[in-house]
Amino acid sequence: MNYALVTGGSRGLGAAICKRLAQQGLGIIVNYRSNESAAKAVAEEIIGNGGCAELLPFDVSSEESVDAAFEKWEEQHPDDRITVLVNNAGIREDNLLIFMQTDQWHKVINTTLDGFFYVTRRVLKGMLTKRFGRIINIASLSGLKGLPGQANYSAAKAALIGATKALAQEVAARKVTVNAVAPGFIKSDMTKDLDEDSLKKLVPLGRFGEADEVAALVAFLASKDSSYITGETISINGGLY
Ligand code: NAP
């Protein structure tokens, strides 16, 4: 069976992406770090709708945790392969740089950037051997324009966009595409403490986006229809720049 691995698939954008990719007939590997009940609910909904899903907890920022989880999965699935990887797990630790703690800097960079590296290199070999793969990295508007109070997050997401462009060129000959998606304000746990009423006035479309809207874009990039798009960063932000 062909699987899609979605890091941070237990909540928010990741959960919506899991459900949407399941509709494309892929088995779904729902990764999460700690929220097992939320991840279980996502998998149960997919299975309830006739799809196939399983949980694979690991911390994307820990090389040991990623490698141990992959060894277990590969042992249990000798005939299956991961054809779609969505590097979605991410965190925010906002602070003005002058007040930013070392821990806040590293936690954000490690989750987004180290996470991309540890997970992608594990998945890539199978994609290159089989000459097909879709890698979609969830970046952010913050990584394109930089947002005050988010030097750590903006740096991590900008670096993820750079890695997307580099890797796309490395693997294109094997029909593996690598793209980034850069959302603006999307409703989720990550944005629930923001002042939506005032921030939505900045958005030309006049509202925050829905996780399902991001999932639809990711589903297109994961499909065969996107075969001539690679190394690209696609914004989904209601017109906000
Ligand atoms: P969210 O609701 O806070 O969910 C974050 C997800 O990431 C959860 O599933 C969480 O797992 C998982 N996660 C966090 N750290 C992890 C780690 N070290 N290892 C494995 N999983 C980890 O966030 P979201 O809004 O859906 O954001 C998803 C992605 O979109 C992030 O990369 C974020 O930067 C990006 N993004 C979001 C927005 C927005 O407006 N929401 C805008 C631009 C970009 P647990 O449930 O186990 O904690």
# chains A, B, ... in the order shown; residues from 1 in each chain; ligands from 1
$ residues_around --residues "Asn2 (chain A)" --least-positions-apart "6" --cutoff "10 Å" --atoms "only C-alpha atoms" --output "NGL selection string"
:A and (25-28 or 79-84)
$ closest_atom_pairs --of "chain A" --to "ligand 1" --cutoff "7 Å" --atoms "only C-alpha atoms and all ligand atoms" --output "JSON lines"
{"residue": "A:Thr7", "atom": "CA", "partner": "ligand 1", "partner_atom_place_in_ligand_line": "21 (N)", "distance": 5.7}
{"residue": "A:Gly8", "atom": "CA", "partner": "ligand 1", "partner_atom_place_in_ligand_line": "9 (O)", "distance": 3.3}
{"residue": "A:Gly9", "atom": "CA", "partner": "ligand 1", "partner_atom_place_in_ligand_line": "9 (O)", "distance": 4.8}
{"residue": "A:Ser10", "atom": "CA", "partner": "ligand 1", "partner_atom_place_in_ligand_line": "9 (O)", "distance": 4.0}
{"residue": "A:Arg11", "atom": "CA", "partner": "ligand 1", "partner_atom_place_in_ligand_line": "9 (O)", "distance": 4.3}
{"residue": "A:Gly12", "atom": "CA", "partner": "ligand 1", "partner_atom_place_in_ligand_line": "26 (O)", "distance": 3.4}
{"residue": "A:Leu13", "atom": "CA", "partner": "ligand 1", "partner_atom_place_in_ligand_line": "26 (O)", "distance": 3.8}
{"residue": "A:Gly14", "atom": "CA", "partner": "ligand 1", "partner_atom_place_in_ligand_line": "26 (O)", "distance": 5.6}
{"residue": "A:Asn31", "atom": "CA", "partner": "ligand 1", "partner_atom_place_in_ligand_line": "21 (N)", "distance": 6.4}
{"residue": "A:Tyr32", "atom": "CA", "partner": "ligand 1", "partner_atom_place_in_ligand_line": "47 (O)", "distance": 4.1}
{"residue": "A:Arg33", "atom": "CA", "partner": "ligand 1", "partner_atom_place_in_ligand_line": "47 (O)", "distance": 3.6}
{"residue": "A:Ser34", "atom": "CA", "partner": "ligand 1", "partner_atom_place_in_ligand_line": "47 (O)", "distance": 3.6}
{"residue": "A:Asn35", "atom": "CA", "partner": "ligand 1", "partner_atom_place_in_ligand_line": "47 (O)", "distance": 3.7}
{"residue": "A:Glu36", "atom": "CA", "partner": "ligand 1", "partner_atom_place_in_ligand_line": "47 (O)", "distance": 6.5}
{"residue": "A:Ala38", "atom": "CA", "partner": "ligand 1", "partner_atom_place_in_ligand_line": "46 (O)", "distance": 6.5}
{"residue": "A:Ala39", "atom": "CA", "partner": "ligand 1", "partner_atom_place_in_ligand_line": "46 (O)", "distance": 6.9}
{"residue": "A:Phe58", "atom": "CA", "partner": "ligand 1", "partner_atom_place_in_ligand_line": "20 (C)", "distance": 5.7}
{"residue": "A:Asp59", "atom": "CA", "partner": "ligand 1", "partner_atom_place_in_ligand_line": "19 (N)", "distance": 3.5}
{"residue": "A:Val60", "atom": "CA", "partner": "ligand 1", "partner_atom_place_in_ligand_line": "19 (N)", "distance": 4.0}
{"residue": "A:Ser61", "atom": "CA", "partner": "ligand 1", "partner_atom_place_in_ligand_line": "18 (N)", "distance": 5.1}
{"residue": "A:Asn88", "atom": "CA", "partner": "ligand 1", "partner_atom_place_in_ligand_line": "32 (O)", "distance": 4.6}
{"residue": "A:Ala89", "atom": "CA", "partner": "ligand 1", "partner_atom_place_in_ligand_line": "7 (O)", "distance": 3.8}
{"residue": "A:Gly90", "atom": "CA", "partner": "ligand 1", "partner_atom_place_in_ligand_line": "32 (O)", "distance": 3.5}
{"residue": "A:Ile91", "atom": "CA", "partner": "ligand 1", "partner_atom_place_in_ligand_line": "14 (C)", "distance": 5.5}
{"residue": "A:Arg92", "atom": "CA", "partner": "ligand 1", "partner_atom_place_in_ligand_line": "34 (O)", "distance": 6.8}
{"residue": "A:Thr111", "atom": "CA", "partner": "ligand 1", "partner_atom_place_in_ligand_line": "18 (N)", "distance": 5.1}
{"residue": "A:Thr112", "atom": "CA", "partner": "ligand 1", "partner_atom_place_in_ligand_line": "32 (O)", "distance": 6.8}
{"residue": "A:Ile138", "atom": "CA", "partner": "ligand 1", "partner_atom_place_in_ligand_line": "32 (O)", "distance": 5.3}
{"residue": "A:Ala139", "atom": "CA", "partner": "ligand 1", "partner_atom_place_in_ligand_line": "44 (C)", "distance": 5.6}
{"residue": "A:Ser140", "atom": "CA", "partner": "ligand 1", "partner_atom_place_in_ligand_line": "43 (C)", "distance": 4.1}
{"residue": "A:Leu141", "atom": "CA", "partner": "ligand 1", "partner_atom_place_in_ligand_line": "43 (C)", "distance": 6.2}
{"residue": "A:Ala182", "atom": "CA", "partner": "ligand 1", "partner_atom_place_in_ligand_line": "43 (C)", "distance": 6.2}
{"residue": "A:Pro183", "atom": "CA", "partner": "ligand 1", "partner_atom_place_in_ligand_line": "43 (C)", "distance": 4.2}
{"residue": "A:Gly184", "atom": "CA", "partner": "ligand 1", "partner_atom_place_in_ligand_line": "42 (C)", "distance": 4.9}
{"residue": "A:Phe185", "atom": "CA", "partner": "ligand 1", "partner_atom_place_in_ligand_line": "40 (O)", "distance": 3.8}
{"residue": "A:Ile186", "atom": "CA", "partner": "ligand 1", "partner_atom_place_in_ligand_line": "40 (O)", "distance": 3.6}
{"residue": "A:Lys187", "atom": "CA", "partner": "ligand 1", "partner_atom_place_in_ligand_line": "41 (N)", "distance": 5.6}
{"residue": "A:Ser188", "atom": "CA", "partner": "ligand 1", "partner_atom_place_in_ligand_line": "25 (O)", "distance": 4.7}
{"residue": "A:Asp189", "atom": "CA", "partner": "ligand 1", "partner_atom_place_in_ligand_line": "2 (O)", "distance": 4.1}
{"residue": "A:Met190", "atom": "CA", "partner": "ligand 1", "partner_atom_place_in_ligand_line": "3 (O)", "distance": 4.1}
{"residue": "A:Thr191", "atom": "CA", "partner": "ligand 1", "partner_atom_place_in_ligand_line": "41 (N)", "distance": 5.4}
$ residues_around --residues "Gln104 (chain A)" --least-positions-apart "3" --cutoff "9 Å" --atoms "only C-alpha atoms" --output "VMD selection string"
chain A and resid 92 to 95 100 to 101 107 to 109 152
$ closest_atom_pairs --of "region 155-229 of chain A" --to "region 120-136 of chain A" --cutoff "7 Å" --atoms "only C-alpha atoms" --output "JSON lines"
{"residue": "A:Arg174", "atom": "CA", "partner": "A:Arg131", "partner_atom": "CA", "distance": 4.8}
{"residue": "A:Lys175", "atom": "CA", "partner": "A:Phe132", "partner_atom": "CA", "distance": 5.2}
{"residue": "A:Val176", "atom": "CA", "partner": "A:Gly133", "partner_atom": "CA", "distance": 4.3}
{"residue": "A:Thr177", "atom": "CA", "partner": "A:Arg134", "partner_atom": "CA", "distance": 5.1}
{"residue": "A:Val178", "atom": "CA", "partner": "A:Ile135", "partner_atom": "CA", "distance": 4.7}
{"residue": "A:Asn179", "atom": "CA", "partner": "A:Ile136", "partner_atom": "CA", "distance": 5.0}
{"residue": "A:Ala180", "atom": "CA", "partner": "A:Ile136", "partner_atom": "CA", "distance": 5.5}
{"residue": "A:Ala222", "atom": "CA", "partner": "A:Arg134", "partner_atom": "CA", "distance": 5.5}
$ write_last_selection --atoms "C-alpha atoms" --output "mmCIF file, in the first residue's frame"
data_model
loop_
_atom_site.group_PDB
_atom_site.id
_atom_site.type_symbol
_atom_site.label_atom_id
_atom_site.label_comp_id
_atom_site.auth_asym_id
_atom_site.auth_seq_id
_atom_site.Cartn_x
_atom_site.Cartn_y
_atom_site.Cartn_z
ATOM 1 C CA ARG A 174 13.894 10.621 -10.051
ATOM 2 C CA LYS A 175 10.421 12.197 -10.377
ATOM 3 C CA VAL A 176 10.325 13.222 -6.736
ATOM 4 C CA THR A 177 8.903 16.722 -6.310
ATOM 5 C CA VAL A 178 9.538 18.961 -3.323
ATOM 6 C CA ASN A 179 7.391 22.012 -2.659
ATOM 7 C CA ALA A 180 6.547 24.342 0.196
ATOM 8 C CA ALA A 222 0.493 15.374 -3.298
#
$ closest_residue --among "A:Ala158, A:Val6, A:Ala166, A:Leu97" --to "Pro57 (chain A)" --atoms "only C-alpha atoms"
A:Val6
$ select_by_dssp --residues "region 94-169 of chain A" --states "helix (DSSP H, G or I)" --output "ChimeraX atom specification"
/A:97-99,102-130,141-145,151-169
$ atom_distance --atom1 "CA of Tyr3 (chain A)" --atom2 "CA of Ile29 (chain A)"
6.9 Å
$ select_by_dssp --residues "region 46-215 of chain A" --states "strand (DSSP E)" --output "NGL selection string"
:A and (53-55 or 81-87 or 133-138 or 176-183)
$ closest_residue --among "A:Ile17, A:Glu44, A:Gly238, A:Gly149" --to "Lys201 (chain A)" --atoms "only C-alpha atoms"
A:Gly238
$ residues_around --residues "Ile46 (chain A)" --least-positions-apart "5" --cutoff "12 Å" --atoms "only C-alpha atoms" --output "list in words"
Ala15, Ala16, Ile17, Cys18, Lys19, Arg20, Leu21, Ala22, Gln23, Gln24, Gly25, Leu26, Gly27, Ile28, Ile29, Val30, Ala39, Lys40, Ala41, Gly51, Cys52, Ala53, Glu54 and Leu55 of chain A
$ residues_around --residues "Leu202 (chain A)" --least-positions-apart "2" --cutoff "12 Å" --atoms "only C-alpha atoms" --output "list in words"
Gly184, Phe185, Asp195, Glu196, Asp197, Ser198, Leu199, Lys200, Pro204, Leu205, Gly206, Arg207, Phe208, Asn237, Gly238, Gly239, Leu240 and Tyr241 of chain A
$ atom_distance --atom1 "CA of Leu113 (chain A)" --atom2 "CA of Gln76 (chain A)"
27.8 Å
$ atom_distance --atom1 "CA of Asp114 (chain A)" --atom2 "CA of Lys192 (chain A)"
25.8 Å
